[in-house]
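Contents: one structure, followed by commentary.
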Amino acid sequence: MAAEKDVFDLEAYRREEDEAVREAARASAWWEDEWLKFPTVTKDAEGGWHYWTVPADTGVYQDDWPLGERLARETVAHMRSFREGSTVFRRILREMDPESTVGQGFLTAIEETLCQSSPPLLQPL
């Protein structure tokens with residue numbers, strides 16, 4: 001503890017500071033790992049985050065819609081274990097194309113998931 005150290009023991013303060021820096025780095029890495037568990041989230045080589053990294057629609061409805069549904073289920077599943085994930089979810093919604101078939105499948109599955117939870121988190125229109 002800082003109160004137990006000699007005021008002039010600079011080495012003890014440096015060790016404490018080094019440990020704090022290491023702990024901050026571990027926490028930062030943990031957050032990054034959690035964010036990257038979202039199925040649509042990636043980080044590029046320059047360190048930029050992308051929240052809707054999903055291939056463009058193939059034009060085949062039977063392929064695109066189920067992909068959106070699967071991504072929604074995986075997103076909700078991770079949000080249930082990582083409550084702070086709502087920030088990531090908001091960013092996903094900002095980046096996605098709601099007019100794409102994948103996006104529509106994603107949004108529909110999100111709505112169904114929220115309406116079917118107990119108690120419903122969202123009331124259908």
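Residues are referred to by chain and number: the chain letter is A, B, ... according to the order shown in the structure tokens, the number counts from 1 in that chain, and ligands are numbered separately from 1 in the order shown.
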Run DSSP on the backbone and tell me which residues of stretch 69-124 of chain A come out as helix (DSSP H, G or I); list them as a tab-separated table (two decimals) with C-alpha atoms, in the first residue's frame.
```tsv
chain	number	residue	atom	x	y	z
A	69	GLU	CA	-30.62	-14.37	-38.37
A	70	ARG	CA	-27.57	-16.38	-37.30
A	71	LEU	CA	-25.53	-13.21	-36.74
A	72	ALA	CA	-28.37	-11.80	-34.61
A	73	ARG	CA	-28.58	-14.94	-32.47
A	74	GLU	CA	-24.83	-14.96	-31.91
A	75	THR	CA	-24.84	-11.24	-31.12
A	76	VAL	CA	-27.63	-11.60	-28.54
A	77	ALA	CA	-25.96	-14.66	-27.02
A	78	HIS	CA	-22.74	-12.74	-26.50
A	79	MET	CA	-24.59	-9.71	-25.13
A	80	ARG	CA	-26.20	-11.95	-22.50
A	81	SER	CA	-22.77	-12.98	-21.22
A	83	ARG	CA	-23.65	-6.94	-20.57
A	84	GLU	CA	-21.39	-4.07	-21.57
A	85	GLY	CA	-21.92	-5.24	-25.15
A	86	SER	CA	-24.79	-2.80	-25.65
A	87	THR	CA	-22.20	-0.26	-26.80
A	88	VAL	CA	-21.06	-2.65	-29.51
A	89	PHE	CA	-24.68	-3.39	-30.45
A	90	ARG	CA	-25.43	0.32	-30.95
A	91	ARG	CA	-22.39	0.63	-33.20
A	92	ILE	CA	-23.45	-2.44	-35.18
A	93	LEU	CA	-26.83	-0.83	-35.80
A	94	ARG	CA	-25.18	2.40	-36.98
A	95	GLU	CA	-22.89	0.63	-39.47
A	101	THR	CA	-31.32	-8.82	-46.95
A	102	VAL	CA	-28.70	-9.80	-44.37
A	103	GLY	CA	-29.52	-6.64	-42.39
A	104	GLN	CA	-33.25	-7.31	-42.55
A	105	GLY	CA	-32.74	-10.89	-41.37
A	106	PHE	CA	-30.57	-9.55	-38.53
A	107	LEU	CA	-33.10	-6.93	-37.42
A	108	THR	CA	-36.06	-9.31	-37.63
A	109	ALA	CA	-34.25	-11.92	-35.54
A	110	ILE	CA	-33.25	-9.25	-32.98
A	111	GLU	CA	-36.88	-8.14	-32.71
A	112	GLU	CA	-38.12	-11.73	-32.33
A	113	THR	CA	-35.51	-12.47	-29.69
A	114	LEU	CA	-36.39	-9.40	-27.66
A	115	CYS	CA	-40.14	-10.00	-27.94
A	116	GLN	CA	-39.87	-13.66	-26.94
```
What is the atom CA of A:Glu17 to atom CA of A:Gly47 distance in Å? 25.8 Å
When distances are computed from only C-alpha atoms, which of A:Arg15, A:Pro66, A:Asp9, A:Val41 shows the smallest separation from A:Val54? A:Val41
Residues flagged strand (DSSP E) by DSSP in chain A, as a ChimeraX atom specification: /A:42-43,49-50
Between A:Trp49, A:Gln62, A:Ala12, A:Asp57, which residue has the minimum interatomic distance to A:Glu32, considering only C-alpha atoms?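 Checking each candidate against A:Glu32, we get A:Trp49 as the closest.
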When you draw a straight line from atom CA of A:Asp64 to atom CA of A:Glu99, how long is it in Å?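 According to the coordinates, atom CA of A:Asp64 and atom CA of A:Glu99 are separated by 12.1 Å.
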